[in-house]
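Worksheet for the structure shown next.
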Amino acid sequence: MVYSSSSIRAFGSLLCRISNGVYLKPHHSFTLRSVFLLSGSFSSSSWYSSSDIKVLPLELQSSNSVRKIWTSSPLCMGRRSCKIAGRKTAQDLKKAKLYSKIGKEIVSAVKKGGPSPISNTALAALIEKVKELDIPKDIVDRNVKRASEKGQEAFIEKIYEVYGYGGVGIIIEVLTDKVNRSVAAVREVVKDNGGKMADPGSIMFKFQRARVANVKVTDVDRDQLLTIALDAGAEDIIEPSMDEYDTEADSSERVYKVVSSAENYPDILSKLQEEGIKFKPDNGSELLPTTPIEVDDEAMELNKELMSKLLELDDVDAVYTDQKY
């Protein structure tokens, strides 16, 4: 018996509705006794439900046999569990990106000035940054050795600009030893996730580059921080957005961003340290939007997905947006 693509889609939609409306086994699966043959494979992007539960591929390969059909990916047990898992993933990714960027900067510094921090001032400065950011020393040792490996090229900094959903602008910072590879990977992700590459300068003017000190909201009184930071020469204090579903753990991860010029940055850090306020310095600088753009929930989630996929690329070190959260 031959089935049309529309019939197959209708069958998949029915399975989705069943999975959303009745109790299923722990992994949202059930068994079906096959009495017909379906050939071919289907991508998860072709199947979906109105409740945004992604459907996994179906494969029914033989008749008169029992087959397990997966109708959706495992779900988090409530929004709180999802937020905790998402927060940990974001923290791990942020740390990995920091280590990767420092490693590439060390390789470039060694390529240009040699492996000795005594004669190589750029490498010496990076070693001091590693100490400041509390990065393991083996990151330095491993990448100094890596720089001497045959075929290892110096890393080049590139910036790509992208239009996201709802008129949002996205800036991608890349440090790569293969420019053609990096631009091809970025273009593919942007295209696959509904974005559009922008001409150089068409997005960047919406951002300002600044030095930033991050202070956890649980470590300081807001008014105290405002007084100390502004008196020390800070240009602005950016407060974190709040969510009605925030837990204590969520609040403990939110930070005030103390924004400063490069000239005033050392004085601000010294003042915060003097006042006993714990902080985490930036990794050189950050791009901050001059006028954040507010978008609807759907556009916000699509932009988050796009930026998440971009950050998964090895060559990408940072992604910035003017989307308002």
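Letters A, B, ... go to the chains of the structure tokens in the order shown; residues in each chain start at 1; ligands are counted from 1 in the same order.
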- Message: For the strand (DSSP E) assignment from backbone DSSP, which residues of segment 180-222 of chain A qualify? Please present them as number ranges by chain.
- Response: A: 196-198, 207-216
Export, as a compact mmCIF listing (two decimals), in the first residue's frame, the selected residues with all heavy atoms.
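After the write, part23.txt holds the following:
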```txt
# COMPACT_ATOMS: atom_id res chain seq x y z
N LYS A 196 19.50 36.84 8.74
CA LYS A 196 20.00 37.37 7.47
C LYS A 196 21.31 38.12 7.72
O LYS A 196 21.38 38.97 8.60
CB LYS A 196 18.96 38.32 6.85
CG LYS A 196 19.40 38.91 5.51
CD LYS A 196 18.34 39.85 4.97
CE LYS A 196 18.79 40.48 3.65
NZ LYS A 196 17.79 41.46 3.14
N MET A 197 22.33 37.76 6.96
CA MET A 197 23.61 38.44 7.09
C MET A 197 23.46 39.91 6.70
O MET A 197 22.78 40.24 5.73
CB MET A 197 24.67 37.78 6.21
CG MET A 197 24.97 36.32 6.55
SD MET A 197 25.68 36.08 8.20
CE MET A 197 27.29 36.85 7.99
N ALA A 198 24.10 40.80 7.45
CA ALA A 198 24.01 42.24 7.21
C ALA A 198 25.35 42.78 6.72
O ALA A 198 26.40 42.18 6.96
CB ALA A 198 23.59 42.95 8.49
N PHE A 207 25.55 49.74 18.82
CA PHE A 207 26.21 49.27 20.04
C PHE A 207 27.37 50.19 20.41
O PHE A 207 27.93 50.88 19.56
CB PHE A 207 26.77 47.85 19.84
CG PHE A 207 25.72 46.79 19.62
CD1 PHE A 207 25.09 46.64 18.39
CD2 PHE A 207 25.36 45.94 20.65
CE1 PHE A 207 24.14 45.66 18.18
CE2 PHE A 207 24.40 44.95 20.45
CZ PHE A 207 23.79 44.82 19.22
N GLN A 208 27.71 50.16 21.68
CA GLN A 208 28.92 50.85 22.15
C GLN A 208 29.81 49.84 22.84
O GLN A 208 29.33 48.96 23.56
CB GLN A 208 28.58 51.98 23.11
CG GLN A 208 27.90 51.53 24.40
CD GLN A 208 27.85 52.62 25.45
OE1 GLN A 208 28.63 53.55 25.42
NE2 GLN A 208 26.90 52.50 26.38
N ARG A 209 31.11 49.95 22.61
CA ARG A 209 32.04 49.05 23.28
C ARG A 209 32.46 49.67 24.60
O ARG A 209 32.84 50.84 24.65
CB ARG A 209 33.27 48.78 22.40
CG ARG A 209 34.14 47.65 22.92
CD ARG A 209 35.20 47.27 21.91
NE ARG A 209 34.66 46.60 20.75
CZ ARG A 209 34.32 45.33 20.69
NH1 ARG A 209 34.46 44.55 21.77
NH2 ARG A 209 33.85 44.80 19.58
N ALA A 210 32.37 48.91 25.66
CA ALA A 210 32.68 49.44 26.99
C ALA A 210 33.32 48.37 27.86
O ALA A 210 33.22 47.17 27.57
CB ALA A 210 31.41 49.97 27.65
N ARG A 211 33.96 48.81 28.93
CA ARG A 211 34.46 47.89 29.95
C ARG A 211 33.35 47.67 30.96
O ARG A 211 32.59 48.59 31.27
CB ARG A 211 35.70 48.47 30.64
CG ARG A 211 36.88 48.76 29.71
CD ARG A 211 37.34 47.51 28.95
NE ARG A 211 37.64 46.38 29.80
CZ ARG A 211 38.85 46.13 30.33
NH1 ARG A 211 39.86 46.96 30.10
NH2 ARG A 211 39.05 45.04 31.07
N VAL A 212 33.28 46.45 31.46
CA VAL A 212 32.17 46.09 32.36
C VAL A 212 32.69 45.29 33.55
O VAL A 212 33.49 44.36 33.39
CB VAL A 212 31.10 45.26 31.61
CG1 VAL A 212 30.02 44.80 32.57
CG2 VAL A 212 30.50 46.07 30.47
N ALA A 213 32.22 45.65 34.74
CA ALA A 213 32.44 44.85 35.94
C ALA A 213 31.10 44.26 36.36
O ALA A 213 30.11 44.99 36.49
CB ALA A 213 33.03 45.71 37.06
N ASN A 214 31.05 42.96 36.54
CA ASN A 214 29.81 42.28 36.89
C ASN A 214 29.74 42.03 38.39
O ASN A 214 30.65 41.41 38.97
CB ASN A 214 29.70 40.96 36.13
CG ASN A 214 29.65 41.17 34.63
OD1 ASN A 214 28.67 41.68 34.10
ND2 ASN A 214 30.72 40.80 33.93
N VAL A 215 28.67 42.50 39.02
CA VAL A 215 28.49 42.35 40.46
C VAL A 215 27.17 41.62 40.71
O VAL A 215 26.11 42.07 40.26
CB VAL A 215 28.47 43.71 41.18
CG1 VAL A 215 28.31 43.53 42.68
CG2 VAL A 215 29.73 44.51 40.87
N LYS A 216 27.22 40.49 41.41
CA LYS A 216 26.00 39.74 41.70
C LYS A 216 25.06 40.56 42.57
O LYS A 216 25.49 41.23 43.51
CB LYS A 216 26.34 38.42 42.41
CG LYS A 216 26.95 37.37 41.50
CD LYS A 216 27.07 36.04 42.22
CE LYS A 216 27.59 34.97 41.29
NZ LYS A 216 27.66 33.64 41.97
```
Write out as a tab-separated table the residues of segment 125-182 of chain A that have any atom within 9 Å of an atom of segment 297-315 of chain A, one row each with the nearest atom pair and its distance in Å to one decimal, counting only C-alpha atoms, sorted by chain and then rising number.
```
residue	atom	partner	partner_atom	distance
A:Gly164	CA	A:Asn303	CA	6.0
A:Tyr165	CA	A:Ala299	CA	5.3
A:Gly166	CA	A:Ala299	CA	6.0
A:Val168	CA	A:Asn303	CA	8.1
A:Ile170	CA	A:Met307	CA	8.2
A:Ile172	CA	A:Leu310	CA	8.1
A:Glu173	CA	A:Asp315	CA	8.7
A:Val174	CA	A:Asp315	CA	5.6
A:Leu175	CA	A:Asp315	CA	5.7
A:Thr176	CA	A:Asp315	CA	5.4
A:Asp177	CA	A:Asp315	CA	8.5
A:Lys178	CA	A:Asp315	CA	8.8
A:Arg181	CA	A:Asp315	CA	8.8
A:Ser182	CA	A:Asp315	CA	6.1
```
Emit the selected residues as a compact mmCIF listing (two decimals), in the first residue's frame, including all heavy atoms.
```txt
# COMPACT_ATOMS: atom_id res chain seq x y z
N GLY A 164 18.19 39.70 13.02
CA GLY A 164 17.38 38.65 13.60
C GLY A 164 15.91 38.91 13.39
O GLY A 164 15.52 39.72 12.53
N TYR A 165 15.07 38.26 14.15
CA TYR A 165 13.62 38.44 14.05
C TYR A 165 13.19 39.73 14.75
O TYR A 165 13.80 40.15 15.73
CB TYR A 165 12.90 37.26 14.71
CG TYR A 165 13.07 35.95 13.97
CD1 TYR A 165 14.18 35.13 14.24
CD2 TYR A 165 12.16 35.53 13.01
CE1 TYR A 165 14.35 33.92 13.57
CE2 TYR A 165 12.32 34.33 12.35
CZ TYR A 165 13.42 33.53 12.63
OH TYR A 165 13.58 32.33 11.96
N GLY A 166 12.15 40.36 14.22
CA GLY A 166 11.60 41.56 14.84
C GLY A 166 12.48 42.79 14.73
O GLY A 166 12.37 43.70 15.55
N VAL A 168 15.68 42.91 15.21
CA VAL A 168 16.78 42.83 16.18
C VAL A 168 18.12 42.72 15.45
O VAL A 168 18.23 42.05 14.43
CB VAL A 168 16.57 41.63 17.12
CG1 VAL A 168 17.84 41.25 17.86
CG2 VAL A 168 15.46 41.93 18.11
N ILE A 170 22.20 41.59 15.64
CA ILE A 170 23.07 40.63 16.32
C ILE A 170 24.50 40.81 15.84
O ILE A 170 24.74 40.90 14.64
CB ILE A 170 22.61 39.18 16.07
CG1 ILE A 170 21.19 38.97 16.61
CG2 ILE A 170 23.58 38.18 16.70
CD1 ILE A 170 20.58 37.62 16.23
N ILE A 172 28.36 39.17 15.99
CA ILE A 172 29.08 37.92 16.25
C ILE A 172 30.58 38.20 16.24
O ILE A 172 31.11 38.66 15.22
CB ILE A 172 28.74 36.85 15.19
CG1 ILE A 172 27.23 36.69 15.07
CG2 ILE A 172 29.41 35.54 15.52
CD1 ILE A 172 26.80 36.01 13.78
N GLU A 173 31.25 37.92 17.35
CA GLU A 173 32.70 38.08 17.42
C GLU A 173 33.36 36.72 17.23
O GLU A 173 33.03 35.75 17.91
CB GLU A 173 33.12 38.67 18.77
CG GLU A 173 32.78 40.14 18.91
CD GLU A 173 33.35 40.76 20.17
OE1 GLU A 173 33.70 40.01 21.11
OE2 GLU A 173 33.41 42.00 20.23
N VAL A 174 34.30 36.69 16.29
CA VAL A 174 34.96 35.44 15.92
C VAL A 174 36.47 35.62 16.03
O VAL A 174 37.01 36.66 15.68
CB VAL A 174 34.58 35.04 14.47
CG1 VAL A 174 35.49 33.94 13.95
CG2 VAL A 174 33.13 34.60 14.41
N LEU A 175 37.14 34.59 16.53
CA LEU A 175 38.60 34.54 16.53
C LEU A 175 38.96 33.21 15.90
O LEU A 175 38.71 32.15 16.47
CB LEU A 175 39.15 34.64 17.96
CG LEU A 175 40.62 35.04 18.13
CD1 LEU A 175 40.88 36.40 17.47
CD2 LEU A 175 40.99 35.10 19.60
N THR A 176 39.52 33.26 14.69
CA THR A 176 39.68 32.03 13.91
C THR A 176 41.04 31.96 13.22
O THR A 176 41.64 32.98 12.90
CB THR A 176 38.57 31.93 12.86
OG1 THR A 176 38.74 30.73 12.08
CG2 THR A 176 38.60 33.11 11.91
N ASP A 177 41.49 30.75 12.99
CA ASP A 177 42.71 30.53 12.21
C ASP A 177 42.37 30.12 10.78
O ASP A 177 43.26 29.90 9.97
CB ASP A 177 43.61 29.49 12.87
CG ASP A 177 42.91 28.16 13.12
OD1 ASP A 177 41.67 28.10 12.95
OD2 ASP A 177 43.58 27.18 13.48
N LYS A 178 41.07 30.03 10.48
CA LYS A 178 40.60 29.70 9.13
C LYS A 178 39.39 30.58 8.83
O LYS A 178 38.26 30.21 9.16
CB LYS A 178 40.23 28.22 9.02
CG LYS A 178 41.35 27.24 9.34
CD LYS A 178 42.42 27.21 8.27
CE LYS A 178 43.47 26.16 8.61
NZ LYS A 178 44.58 26.15 7.63
N ARG A 181 36.50 29.05 6.75
CA ARG A 181 35.72 28.08 7.52
C ARG A 181 34.73 28.78 8.44
O ARG A 181 33.56 28.39 8.52
CB ARG A 181 36.67 27.22 8.35
CG ARG A 181 35.96 26.20 9.26
CD ARG A 181 36.94 25.59 10.25
NE ARG A 181 37.46 26.59 11.19
CZ ARG A 181 38.64 26.48 11.80
NH1 ARG A 181 39.44 25.45 11.57
NH2 ARG A 181 39.03 27.43 12.65
N SER A 182 35.18 29.82 9.11
CA SER A 182 34.32 30.50 10.08
C SER A 182 33.15 31.21 9.40
O SER A 182 32.02 31.11 9.87
CB SER A 182 35.13 31.49 10.91
OG SER A 182 35.53 32.61 10.14
```
- Task: May I have the residues within 10 Å of segment 253-260 of chain A as a PyMOL selection string, using only C-alpha atoms and disregarding those fewer than 2 positions away in the same chain?
- Result: chain A and resi 87+91+209-220+222+225-226+229-230+232-242+248-251+262-269+279-282+285-286+288
- Can you list, as number ranges by chain, every protein, DNA or RNA residue that comes within 10 Å of Val107 of chain A when you count only C-alpha atoms, leaving out same-chain residues fewer than 2 positions away? A: 101-105, 109-112, 114-115, 123, 140, 142-148, 152-155
- Task: Return the single residue from A:Glu161, A:Glu294, A:Asp199, A:Asp223 that is closest to Val186 of chain A, with distances computed using only C-alpha atoms.
- Result: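 Checking each candidate against Val186 of chain A, we get A:Glu161 as the closest.
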- Message: For a quick check of understanding, using only C-alpha atoms, which of A:Val316, A:Thr121, A:Glu188, A:Gln323 has the smallest distance to Ile156 of chain A?
- Response: A:Val316
- Query: For Gly276 of chain A, which of A:Ala184, A:Gln224, A:Asp322, A:Val190 is the closest residue, counting only C-alpha atoms?
  - Reply: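 Comparing A:Ala184, A:Gln224, A:Asp322, A:Val190 against Gly276 of chain A, the winner is A:Gln224.
Pairwise distance (atom CA of Tyr320 of chain A, atom CA of Leu287 of chain A) equals 6.6 Å.
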- Which of these, A:Asn120, A:Thr291, A:Thr227, A:Ser270, has the shortest distance to Gly169 of chain A once you count only C-alpha atoms? A:Thr291
- Message: as an NGL selection string, please: every residue in segment 85-262 of chain A that a backbone DSSP assignment puts in alpha helix (DSSP H).
- Response: :A and (85-113 or 121-132 or 137-147 or 179-192 or 222-231 or 248-253)
